[in-house]
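A short write-up of the structure that comes next.
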Amino acid sequence: MLDSFIALFQFGVNLILQIISTSGYSGVFFFMVLESALMPIPSEIVMPFSGYLASLGKFDLIALTIVSSVANLVGSIIAYLIGLKVGRKLVLKYGKFILLKEKYLMLTEKWFKKYGGKAIFFSRMMPVVRTVISLPAGIGKMNFKKFSLYTLVGSMPWNFALTYIGFWLGKNWTMVHSYSKELDIIVVMVLIVVAVSYLWKLRKNRK
């Protein structure tokens, strides 16, 4: 079972690399849109590999940064709209089964109105979080113009860094993805602790 999953994952990675190699900037744009639209496409593969190709003269670093960041914006808007149009209804209908109530939606809206800009900007430079943050931003009805601006600006440092590392490492660009797995696990664990602590605090205040 595990071997089949690994083989399937490797097949997907090879397919991504092949498409980027043959389609150029449009391939980078396509996959980075999917990544920000909640699809399991790791930017830690797309951008370092593109950086490696840039070292071979097939891409330009600045152009890659711009294309990928605009793609992140497009994908993030899709996720934002899903959260805005559908996410709220789902939480109101099914949230009670996972301890999410309407009052938490109200708190989310207030939180994004107060801290949304900073949250979006810094989350764009964090593994895992950068992919999913658009959904709660939509559920929290964050100002769309601010959301778009901070998404675009916040995506640029991350994309440039990954691209430049791939450019610098050359054929060894796969090292980025190897180390990013460990970082992803750490980030997920921290998020779980923060979420549990936050929910516990809300429940305690209620009592």
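Note on naming: chains are A, B, ... as they come in the structure tokens, residues start from 1 per chain, ligands start from 1 in the order shown.
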| field | 10 Å contact set for Ile133 in chain A, only C-alpha atoms, chain neighbours under 6 positions out, as an MDAnalysis selection string | value | chainID A and resid 36 38 76 79:80 119:120 123:124 151
Write out, as a CSV table (one decimal), in the first residue's frame, the residues just selected, with N, CA and C atoms.
```csv
chain,number,residue,atom,x,y,z
A,36,SER,N,-2.5,27.1,-4.8
A,36,SER,CA,-3.1,28.1,-4.0
A,36,SER,C,-4.7,27.9,-4.0
A,38,LEU,N,-6.1,25.1,-3.1
A,38,LEU,CA,-6.3,24.0,-2.2
A,38,LEU,C,-6.0,22.6,-2.8
A,76,SER,N,-5.6,31.7,-5.0
A,76,SER,CA,-6.0,32.2,-3.6
A,76,SER,C,-7.4,32.8,-3.7
A,79,ALA,N,-9.9,30.0,-3.8
A,79,ALA,CA,-10.1,29.5,-2.5
A,79,ALA,C,-10.9,30.4,-1.6
A,80,TYR,N,-10.6,31.7,-1.7
A,80,TYR,CA,-11.3,32.7,-0.9
A,80,TYR,C,-12.8,32.7,-1.3
A,119,ALA,N,-1.9,38.5,8.8
A,119,ALA,CA,-2.1,37.0,8.8
A,119,ALA,C,-1.8,36.5,7.4
A,120,ILE,N,-2.4,37.2,6.4
A,120,ILE,CA,-2.3,36.8,5.0
A,120,ILE,C,-0.9,37.0,4.5
A,123,SER,N,1.5,34.5,6.3
A,123,SER,CA,1.2,33.1,6.0
A,123,SER,C,1.7,32.7,4.7
A,124,ARG,N,1.8,33.6,3.8
A,124,ARG,CA,2.3,33.3,2.4
A,124,ARG,C,3.7,32.8,2.4
A,151,THR,N,-1.9,39.0,-0.4
A,151,THR,CA,-1.6,37.7,-1.0
A,151,THR,C,-0.5,37.9,-2.1
```
Check which residues of range 119-181 of chain A sit at most 6 Å from range 67-74 of chain A using only C-alpha atoms, and return one row each with the closest pair of atoms and their distance in Å to one decimal, ordered by chain and rising number, as a tab-separated table.
```
residue	atom	partner	partner_atom	distance
A:Leu152	CA	A:Leu73	CA	5.6
A:Ser155	CA	A:Ser69	CA	5.4
A:Met156	CA	A:Ser69	CA	5.6
```
Can you spit out the residues from that selection as an mmCIF file, in the first residue's frame, using N, CA and C atoms?
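Output below, filename part26.cif:
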```cif
data_model
loop_
_atom_site.group_PDB
_atom_site.id
_atom_site.type_symbol
_atom_site.label_atom_id
_atom_site.label_comp_id
_atom_site.auth_asym_id
_atom_site.auth_seq_id
_atom_site.Cartn_x
_atom_site.Cartn_y
_atom_site.Cartn_z
ATOM 1 N N LEU A 152 -0.655 38.870 -2.963
ATOM 2 C CA LEU A 152 0.316 39.071 -4.039
ATOM 3 C C LEU A 152 1.687 39.459 -3.489
ATOM 4 N N SER A 155 3.349 36.614 -1.436
ATOM 5 C CA SER A 155 3.774 35.443 -2.208
ATOM 6 C C SER A 155 5.145 35.639 -2.837
ATOM 7 N N MET A 156 5.502 36.871 -3.114
ATOM 8 C CA MET A 156 6.738 37.143 -3.851
ATOM 9 C C MET A 156 8.012 36.693 -3.125
#
```
Proximity of range 20-58 of chain A to range 162-165 of chain A: per-residue shortest pair, 7 Å limit, only C-alpha atoms, as a tab-separated table:
```
residue	atom	partner	partner_atom	distance
A:Glu44	CA	A:Leu162	CA	6.8
A:Met47	CA	A:Thr163	CA	5.0
A:Pro48	CA	A:Thr163	CA	4.8
A:Ser50	CA	A:Thr163	CA	6.5
A:Gly51	CA	A:Thr163	CA	4.3
```
| message | List as an MDAnalysis selection string the protein and nucleic acid residues near range 143-145 of chain A, meaning an atom at most 9 Å away when only C-alpha atoms are counted, but skip any in the same chain fewer than 2 places from it. | response | chainID A and resid 77 80 112:113 116 137:138 141 147:150
| said: Calculated over only C-alpha atoms, which of the candidates A:Trp168, A:Gly83, A:Lys118, A:Arg130 has the smallest distance to Met32 in chain A? | reply: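 Nearest candidate to Met32 in chain A out of A:Trp168, A:Gly83, A:Lys118, A:Arg130: A:Arg130.
Taking only C-alpha atoms, the non-local environment of Ile82 in chain A within 8 Å (same-chain residues fewer than 4 positions away omitted) comprises Ile78, Val86, Gly87, Leu135 and Gly138 of chain A.
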| field | Option closest in space to Phe30 in chain A, from A:Gly57, A:Pro157, A:Gly75, A:Gly166 [counting only C-alpha atoms] | value |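 Checking each candidate against Phe30 in chain A, we get A:Gly75 as the closest.
Among A:Gly170, A:Gly117, A:Gly27, A:Pro40, the residue with the shortest atom-to-atom distance to Met142 in chain A, counting only C-alpha atoms, is A:Gly117.
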| field | Given only C-alpha atoms as the counted atoms, nearest of A:Ser55, A:Thr22, A:Ser134, A:Asn172 to Glu35 in chain A | value | A:Ser134
| said: Under the rule that only C-alpha atoms are counted, which of A:Lys146, A:Leu53, A:Asp60, A:Leu34 is the nearest residue to Gln18 in chain A? | reply: A:Leu53
| task | Using only C-alpha atoms, find the one residue out of A:Leu17, A:Leu64, A:Thr131, A:Phe121 that sits nearest to Val33 in chain A. | result | A:Thr131
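Taking CA of Leu61 in chain A and CA of Phe167 in chain A as the two end points, the separation is 8.3 Å.
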